[in-house]
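Asker: One structure follows; several queries about it will come next.
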Amino acid sequence: MTEQAQKIVALVDGSVYSASLCEHAAWISQRTNAPVEVIHVLGRREAPEKADFSGSIALGARSALLEELAMLDAQRAKLVSQKGRAILEDARTILDTAGVTAITTRLRQGDIVEAIAEIEADARVIMIGKRGEAADFAKGHLGSNLERIIRASQKPVFVASRAFKPIARVLVAYDGGVSAMKAVDHIARSPLFQGLAVHVATVGSATPEVQKGLANAKALLQGAGLEVETSVLPGQPETALSTLIEGAQIDLLVMGAYGHSRIRSLIIGSTTTAMIRSCKVPVVLMR
């Protein structure tokens, strides 16, 4: 299947990030002519819980109570499904309003990572929100699974920010690793990035090896007709990249999911979600 035919998979959960996620999906769709599939996953935690009262209540009362509990479980399951369908319809409305014509929706149940493994074969990108359903609290459904999804997916993962804004300037966090080089190659080949300004930055020292890597990345991107600039940033990756994003008015951060420099500590481990959540722009992670 060609990249142009592959679908955009948008995982929505009804959080405050869902609208931005759909608007970003529409932006990608309009630039690539790719269809959008919106998926809402009913996690196992949302399945009705069963309790055993068999040894604590008298026989007659127990039978009546078990019948009532079964009815409540059925009602709860129905309401959860109705909520999921409403979330999907809201997402469809946003995409339709934005001009996307090829839209499908799907309600699934189970583990979200397992769901991704089943659907990503014909996806060009997996899209999720930075935070989940309880975004204004400690953690949420998608937010708490963010690193699991990034590690599990074999496709680029687009992590949407809280608010949508048109994307004009892209920052590539480049460390010379395999995934970073794949990210540059993907940007050069994809119609999504045509017409955008690209800044390729490395965090560390400007060694000859680093300079050569940046020059190669710049040449590849310029060969694709992109406007490119490069820089070497001192300091720690999280601080240096965040400062550049603010100062250069970057609209999208692209990072390799794995690397071999100090950026590695940013991508692998608990600081992954810290960087993504602290960054005010959407982030694309490439395998």
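Each chain in the structure tokens gets a letter, A, B, ..., in the order shown, and its residues are numbered from 1; ligands are numbered from 1 in order too.
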Please identify all polymer residues within 12 Å of Ala121 of chain A, counting only C-alpha atoms, omitting same-chain residues fewer than 2 positions from it, and present them as an mmCIF file with N, CA and C atoms, in the first residue's frame.

Answerer:
data_model
loop_
_atom_site.group_PDB
_atom_site.id
_atom_site.type_symbol
_atom_site.label_atom_id
_atom_site.label_comp_id
_atom_site.auth_asym_id
_atom_site.auth_seq_id
_atom_site.Cartn_x
_atom_site.Cartn_y
_atom_site.Cartn_z
ATOM 1 N N MET A 1 0.854 -1.203 0.000
ATOM 2 C CA MET A 1 0.000 0.000 0.000
ATOM 3 C C MET A 1 0.880 1.241 0.000
ATOM 4 N N THR A 2 0.597 2.205 -0.835
ATOM 5 C CA THR A 2 1.403 3.409 -0.892
ATOM 6 C C THR A 2 1.111 4.311 0.284
ATOM 7 N N GLU A 3 2.079 5.202 0.576
ATOM 8 C CA GLU A 3 1.903 6.114 1.698
ATOM 9 C C GLU A 3 0.654 6.965 1.515
ATOM 10 N N GLN A 6 -2.436 5.174 2.648
ATOM 11 C CA GLN A 6 -2.529 4.780 4.045
ATOM 12 C C GLN A 6 -3.348 5.777 4.842
ATOM 13 N N LYS A 7 -4.044 5.275 5.837
ATOM 14 C CA LYS A 7 -4.965 6.118 6.587
ATOM 15 C C LYS A 7 -4.309 6.758 7.799
ATOM 16 N N ILE A 8 -4.906 7.820 8.232
ATOM 17 C CA ILE A 8 -4.532 8.497 9.465
ATOM 18 C C ILE A 8 -5.403 7.912 10.573
ATOM 19 N N VAL A 9 -4.790 7.345 11.582
ATOM 20 C CA VAL A 9 -5.535 6.747 12.690
ATOM 21 C C VAL A 9 -5.521 7.716 13.866
ATOM 22 N N ALA A 115 -4.984 -2.761 20.588
ATOM 23 C CA ALA A 115 -5.790 -2.246 19.479
ATOM 24 C C ALA A 115 -4.902 -1.642 18.392
ATOM 25 N N ILE A 116 -3.875 -0.897 18.802
ATOM 26 C CA ILE A 116 -2.965 -0.289 17.837
ATOM 27 C C ILE A 116 -2.233 -1.357 17.038
ATOM 28 N N ALA A 117 -1.795 -2.404 17.721
ATOM 29 C CA ALA A 117 -1.072 -3.479 17.039
ATOM 30 C C ALA A 117 -1.915 -4.110 15.937
ATOM 31 N N GLU A 118 -3.235 -4.150 16.139
ATOM 32 C CA GLU A 118 -4.129 -4.767 15.167
ATOM 33 C C GLU A 118 -4.450 -3.864 13.983
ATOM 34 N N ILE A 119 -4.381 -2.549 14.185
ATOM 35 C CA ILE A 119 -4.858 -1.633 13.146
ATOM 36 C C ILE A 119 -3.760 -0.871 12.415
ATOM 37 N N ALA A 123 -1.780 1.958 8.454
ATOM 38 C CA ALA A 123 -1.803 3.348 8.920
ATOM 39 C C ALA A 123 -0.508 4.043 8.535
ATOM 40 N N ARG A 124 -0.599 5.313 8.203
ATOM 41 C CA ARG A 124 0.598 6.111 7.931
ATOM 42 C C ARG A 124 1.062 6.802 9.203
ATOM 43 N N VAL A 125 0.145 7.042 10.133
ATOM 44 C CA VAL A 125 0.493 7.703 11.389
ATOM 45 C C VAL A 125 -0.563 7.348 12.435
ATOM 46 N N ILE A 126 -0.122 7.225 13.683
ATOM 47 C CA ILE A 126 -1.011 7.027 14.818
ATOM 48 C C ILE A 126 -1.070 8.342 15.586
ATOM 49 N N SER A 153 4.170 1.132 18.948
ATOM 50 C CA SER A 153 3.826 1.408 17.553
ATOM 51 C C SER A 153 5.046 1.351 16.642
ATOM 52 N N GLN A 154 4.854 0.749 15.475
ATOM 53 C CA GLN A 154 5.905 0.693 14.460
ATOM 54 C C GLN A 154 5.790 1.852 13.471
ATOM 55 N N LYS A 155 4.742 2.651 13.602
ATOM 56 C CA LYS A 155 4.512 3.780 12.703
ATOM 57 C C LYS A 155 4.786 5.091 13.450
ATOM 58 N N PRO A 156 4.956 6.193 12.716
ATOM 59 C CA PRO A 156 5.122 7.480 13.391
ATOM 60 C C PRO A 156 3.944 7.755 14.333
#

Asker: Quick one: everything within 12 Å of Leu244 of chain A, counting only C-alpha atoms, minus sequence neighbours fewer than 6 positions away in the same chain. Send it as an MDAnalysis selection string.

Answerer: chainID A and resid 169:173 199:203 230:235 237:238 250:253 279:281

Asker: Run DSSP on the backbone and give me the residues of segment 24-194 of chain A it puts in strand (DSSP E), as a PDB file with N, CA and C atoms, in the first residue's frame.

Answerer:
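Once written, out-v8.pdb looks like this:
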ATOM      1  N   VAL A  36      -9.139   9.441   7.031  1.00  0.00           N
ATOM      2  CA  VAL A  36      -8.996   9.464   8.494  1.00  0.00           C
ATOM      3  C   VAL A  36      -9.901   8.403   9.111  1.00  0.00           C
ATOM      4  N   GLU A  37      -9.330   7.583   9.965  1.00  0.00           N
ATOM      5  CA  GLU A  37     -10.125   6.640  10.757  1.00  0.00           C
ATOM      6  C   GLU A  37     -10.042   7.067  12.210  1.00  0.00           C
ATOM      7  N   VAL A  38     -11.188   7.358  12.803  1.00  0.00           N
ATOM      8  CA  VAL A  38     -11.252   7.782  14.196  1.00  0.00           C
ATOM      9  C   VAL A  38     -11.645   6.582  15.049  1.00  0.00           C
ATOM     10  N   ILE A  39     -10.870   6.318  16.086  1.00  0.00           N
ATOM     11  CA  ILE A  39     -11.103   5.157  16.934  1.00  0.00           C
ATOM     12  C   ILE A  39     -11.226   5.580  18.385  1.00  0.00           C
ATOM     13  N   HIS A  40     -12.242   5.047  19.050  1.00  0.00           N
ATOM     14  CA  HIS A  40     -12.377   5.225  20.498  1.00  0.00           C
ATOM     15  C   HIS A  40     -12.312   3.844  21.136  1.00  0.00           C
ATOM     16  N   VAL A  41     -11.391   3.685  22.069  1.00  0.00           N
ATOM     17  CA  VAL A  41     -11.184   2.384  22.708  1.00  0.00           C
ATOM     18  C   VAL A  41     -11.793   2.402  24.104  1.00  0.00           C
ATOM     19  N   LEU A  42     -12.726   1.474  24.325  1.00  0.00           N
ATOM     20  CA  LEU A  42     -13.285   1.282  25.658  1.00  0.00           C
ATOM     21  C   LEU A  42     -12.334   0.373  26.413  1.00  0.00           C
ATOM     22  N   ILE A 103     -13.910   9.704   5.941  1.00  0.00           N
ATOM     23  CA  ILE A 103     -13.880   9.529   7.396  1.00  0.00           C
ATOM     24  C   ILE A 103     -14.563   8.220   7.759  1.00  0.00           C
ATOM     25  N   THR A 104     -13.905   7.426   8.585  1.00  0.00           N
ATOM     26  CA  THR A 104     -14.550   6.249   9.169  1.00  0.00           C
ATOM     27  C   THR A 104     -14.371   6.311  10.675  1.00  0.00           C
ATOM     28  N   THR A 105     -15.303   5.710  11.409  1.00  0.00           N
ATOM     29  CA  THR A 105     -15.219   5.683  12.867  1.00  0.00           C
ATOM     30  C   THR A 105     -15.339   4.240  13.345  1.00  0.00           C
ATOM     31  N   ARG A 106     -14.703   3.959  14.473  1.00  0.00           N
ATOM     32  CA  ARG A 106     -14.736   2.599  14.995  1.00  0.00           C
ATOM     33  C   ARG A 106     -14.694   2.633  16.522  1.00  0.00           C
ATOM     34  N   LEU A 107     -15.586   1.862  17.141  1.00  0.00           N
ATOM     35  CA  LEU A 107     -15.616   1.714  18.592  1.00  0.00           C
ATOM     36  C   LEU A 107     -15.040   0.345  18.929  1.00  0.00           C
ATOM     37  N   ARG A 108     -13.987   0.326  19.746  1.00  0.00           N
ATOM     38  CA  ARG A 108     -13.330  -0.918  20.105  1.00  0.00           C
ATOM     39  C   ARG A 108     -13.307  -1.087  21.619  1.00  0.00           C
ATOM     40  N   GLN A 109     -13.080  -2.309  22.054  1.00  0.00           N
ATOM     41  CA  GLN A 109     -12.972  -2.572  23.488  1.00  0.00           C
ATOM     42  C   GLN A 109     -11.716  -3.383  23.745  1.00  0.00           C
ATOM     43  N   ALA A 123      -1.780   1.958   8.454  1.00  0.00           N
ATOM     44  CA  ALA A 123      -1.803   3.348   8.920  1.00  0.00           C
ATOM     45  C   ALA A 123      -0.508   4.043   8.535  1.00  0.00           C
ATOM     46  N   ARG A 124      -0.599   5.313   8.203  1.00  0.00           N
ATOM     47  CA  ARG A 124       0.598   6.111   7.931  1.00  0.00           C
ATOM     48  C   ARG A 124       1.062   6.802   9.203  1.00  0.00           C
ATOM     49  N   VAL A 125       0.145   7.042  10.133  1.00  0.00           N
ATOM     50  CA  VAL A 125       0.493   7.703  11.389  1.00  0.00           C
ATOM     51  C   VAL A 125      -0.563   7.348  12.435  1.00  0.00           C
ATOM     52  N   ILE A 126      -0.122   7.225  13.683  1.00  0.00           N
ATOM     53  CA  ILE A 126      -1.011   7.027  14.818  1.00  0.00           C
ATOM     54  C   ILE A 126      -1.070   8.342  15.586  1.00  0.00           C
ATOM     55  N   MET A 127      -2.258   8.856  15.822  1.00  0.00           N
ATOM     56  CA  MET A 127      -2.408  10.149  16.488  1.00  0.00           C
ATOM     57  C   MET A 127      -3.077   9.983  17.848  1.00  0.00           C
ATOM     58  N   ILE A 128      -2.470  10.603  18.855  1.00  0.00           N
ATOM     59  CA  ILE A 128      -3.018  10.573  20.212  1.00  0.00           C
ATOM     60  C   ILE A 128      -2.881  11.950  20.839  1.00  0.00           C
ATOM     61  N   GLY A 129      -3.604  12.184  21.919  1.00  0.00           N
ATOM     62  CA  GLY A 129      -3.485  13.438  22.655  1.00  0.00           C
ATOM     63  C   GLY A 129      -2.403  13.330  23.710  1.00  0.00           C
ATOM     64  N   VAL A 157       4.252   8.314  15.478  1.00  0.00           N
ATOM     65  CA  VAL A 157       3.223   8.666  16.452  1.00  0.00           C
ATOM     66  C   VAL A 157       3.157  10.188  16.558  1.00  0.00           C
ATOM     67  N   PHE A 158       1.999  10.741  16.247  1.00  0.00           N
ATOM     68  CA  PHE A 158       1.767  12.185  16.318  1.00  0.00           C
ATOM     69  C   PHE A 158       1.048  12.464  17.630  1.00  0.00           C
ATOM     70  N   VAL A 159       1.701  13.234  18.506  1.00  0.00           N
ATOM     71  CA  VAL A 159       1.130  13.540  19.814  1.00  0.00           C
ATOM     72  C   VAL A 159       0.614  14.973  19.779  1.00  0.00           C
ATOM     73  N   ALA A 160      -0.697  15.111  19.768  1.00  0.00           N
ATOM     74  CA  ALA A 160      -1.315  16.428  19.577  1.00  0.00           C
ATOM     75  C   ALA A 160      -1.232  17.281  20.836  1.00  0.00           C
ATOM     76  N   ARG A 169       6.432  25.940  10.786  1.00  0.00           N
ATOM     77  CA  ARG A 169       7.842  25.734  11.108  1.00  0.00           C
ATOM     78  C   ARG A 169       8.014  24.440  11.897  1.00  0.00           C
ATOM     79  N   VAL A 170       8.949  23.605  11.451  1.00  0.00           N
ATOM     80  CA  VAL A 170       9.174  22.284  12.038  1.00  0.00           C
ATOM     81  C   VAL A 170      10.592  22.208  12.597  1.00  0.00           C
ATOM     82  N   LEU A 171      10.721  21.695  13.810  1.00  0.00           N
ATOM     83  CA  LEU A 171      12.033  21.445  14.410  1.00  0.00           C
ATOM     84  C   LEU A 171      12.293  19.951  14.431  1.00  0.00           C
ATOM     85  N   VAL A 172      13.462  19.543  13.928  1.00  0.00           N
ATOM     86  CA  VAL A 172      13.883  18.149  13.980  1.00  0.00           C
ATOM     87  C   VAL A 172      15.001  18.033  15.014  1.00  0.00           C
ATOM     88  N   ALA A 173      14.762  17.256  16.073  1.00  0.00           N
ATOM     89  CA  ALA A 173      15.803  16.986  17.064  1.00  0.00           C
ATOM     90  C   ALA A 173      16.667  15.856  16.507  1.00  0.00           C
TER      91      ALA A 173
END

Asker: Based on the backbone DSSP call, show me all residues of segment 54-235 of chain A assigned helix (DSSP H, G or I), as a PyMOL selection string.

Answerer: chain A and resi 59-97+112-122+141-144+146-152+178-189+191-193+208-223

Asker: Write the residues of the selection above to a file with C-alpha atoms, as a tab-separated table (two decimals), in the first residue's frame.

Answerer:
chain	number	residue	atom	x	y	z
A	59	LEU	CA	-30.72	-16.40	50.01
A	60	GLY	CA	-33.87	-14.46	49.05
A	61	ALA	CA	-32.22	-11.04	49.33
A	62	ARG	CA	-29.16	-12.32	47.51
A	63	SER	CA	-31.16	-13.40	44.46
A	64	ALA	CA	-32.93	-10.05	44.24
A	65	LEU	CA	-29.69	-8.11	44.69
A	66	LEU	CA	-27.81	-10.13	42.07
A	67	GLU	CA	-30.62	-9.53	39.60
A	68	GLU	CA	-30.52	-5.79	40.29
A	69	LEU	CA	-26.73	-5.70	39.98
A	70	ALA	CA	-26.93	-7.50	36.65
A	71	MET	CA	-29.38	-4.88	35.40
A	72	LEU	CA	-27.12	-2.07	36.59
A	73	ASP	CA	-24.13	-3.67	34.84
A	74	ALA	CA	-26.11	-3.90	31.61
A	75	GLN	CA	-27.21	-0.26	31.90
A	76	ARG	CA	-23.67	0.87	32.62
A	77	ALA	CA	-22.29	-1.04	29.63
A	78	LYS	CA	-24.97	0.53	27.42
A	79	LEU	CA	-24.16	4.04	28.66
A	80	VAL	CA	-20.42	3.53	28.16
A	81	SER	CA	-21.03	2.43	24.57
A	82	GLN	CA	-23.37	5.38	23.95
A	83	LYS	CA	-20.71	7.74	25.31
A	84	GLY	CA	-18.12	6.18	22.99
A	85	ARG	CA	-20.37	6.59	19.97
A	86	ALA	CA	-21.07	10.21	20.93
A	87	ILE	CA	-17.32	10.90	21.14
A	88	LEU	CA	-16.87	9.42	17.68
A	89	GLU	CA	-19.73	11.47	16.23
A	90	ASP	CA	-18.26	14.67	17.71
A	91	ALA	CA	-14.92	13.81	16.09
A	92	ARG	CA	-16.60	13.14	12.75
A	93	THR	CA	-18.32	16.53	12.92
A	94	ILE	CA	-15.00	18.34	13.51
A	95	LEU	CA	-13.35	16.52	10.60
A	96	ASP	CA	-16.32	17.05	8.31
A	97	THR	CA	-16.42	20.77	9.15
A	112	ILE	CA	-5.37	0.39	23.64
A	113	VAL	CA	-1.87	-0.89	22.80
A	114	GLU	CA	-3.30	-4.19	21.60
A	115	ALA	CA	-5.79	-2.25	19.48
A	116	ILE	CA	-2.96	-0.29	17.84
A	117	ALA	CA	-1.07	-3.48	17.04
A	118	GLU	CA	-4.13	-4.77	15.17
A	119	ILE	CA	-4.86	-1.63	13.15
A	120	GLU	CA	-1.52	0.00	12.38
A	121	ALA	CA	-0.50	-2.17	9.40
A	122	ASP	CA	-2.31	0.12	6.95
A	141	HIS	CA	-6.43	7.13	30.02
A	142	LEU	CA	-4.35	8.02	26.95
A	143	GLY	CA	-1.89	10.12	28.90
A	144	SER	CA	-1.06	7.29	31.26
A	146	LEU	CA	1.52	7.50	26.25
A	147	GLU	CA	4.92	5.81	26.55
A	148	ARG	CA	3.40	2.35	26.04
A	149	ILE	CA	1.90	3.50	22.76
A	150	ILE	CA	5.12	5.17	21.58
A	151	ARG	CA	7.16	2.07	22.37
A	152	ALA	CA	4.66	-0.35	20.82
A	178	VAL	CA	19.10	5.63	12.93
A	179	SER	CA	15.63	6.86	13.90
A	180	ALA	CA	16.70	10.51	13.57
A	181	MET	CA	18.04	9.85	10.08
A	182	LYS	CA	14.83	8.05	9.20
A	183	ALA	CA	12.91	11.08	10.44
A	184	VAL	CA	14.84	13.37	8.09
A	185	ASP	CA	14.31	10.99	5.19
A	186	HIS	CA	10.59	10.79	5.97
A	187	ILE	CA	10.29	14.57	6.02
A	188	ALA	CA	12.09	14.81	2.68
A	189	ARG	CA	9.75	12.27	1.06
A	191	PRO	CA	4.00	15.66	0.99
A	192	LEU	CA	3.01	16.64	4.54
A	193	PHE	CA	6.13	18.79	4.96
A	208	PRO	CA	33.26	17.48	12.98
A	209	GLU	CA	31.05	14.38	13.11
A	210	VAL	CA	28.07	16.42	14.31
A	211	GLN	CA	28.64	19.09	11.68
A	212	LYS	CA	28.86	16.45	8.95
A	213	GLY	CA	25.61	14.83	10.11
A	214	LEU	CA	23.79	18.17	10.08
A	215	ALA	CA	25.20	19.00	6.64
A	216	ASN	CA	23.99	15.67	5.27
A	217	ALA	CA	20.53	16.17	6.78
A	218	LYS	CA	20.36	19.70	5.36
A	219	ALA	CA	21.43	18.53	1.90
A	220	LEU	CA	18.78	15.79	1.85
A	221	LEU	CA	16.01	18.19	2.89
A	222	GLN	CA	17.12	20.94	0.51
A	223	GLY	CA	17.20	18.36	-2.26

Asker: Nearest to Leu226 of chain A among A:Ser15, A:Ser190, A:Ser278, A:Ser29, with distances taken over only C-alpha atoms: which residue is it?

Answerer: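 Of all the options, A:Ser190 lies closest to Leu226 of chain A.
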
Asker: Would you work out the distance separating atom CA of Arg31 of chain A from atom CA of Gly99 of chain A, expressed in Å to one decimal?

Answerer: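 Interatomic distance here is 11.7 Å.
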
Asker: Could you tell me how far atom CA of Lys130 of chain A lies from atom CA of Pro282 of chain A, in Å and to one decimal?

Answerer: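 We find that atom CA of Lys130 of chain A and atom CA of Pro282 of chain A lie 8.3 Å from each other.
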
Asker: Distance atom CA of Asn145 of chain A-atom CA of Arg287 of chain A, one decimal place?

Answerer: 17.6 Å
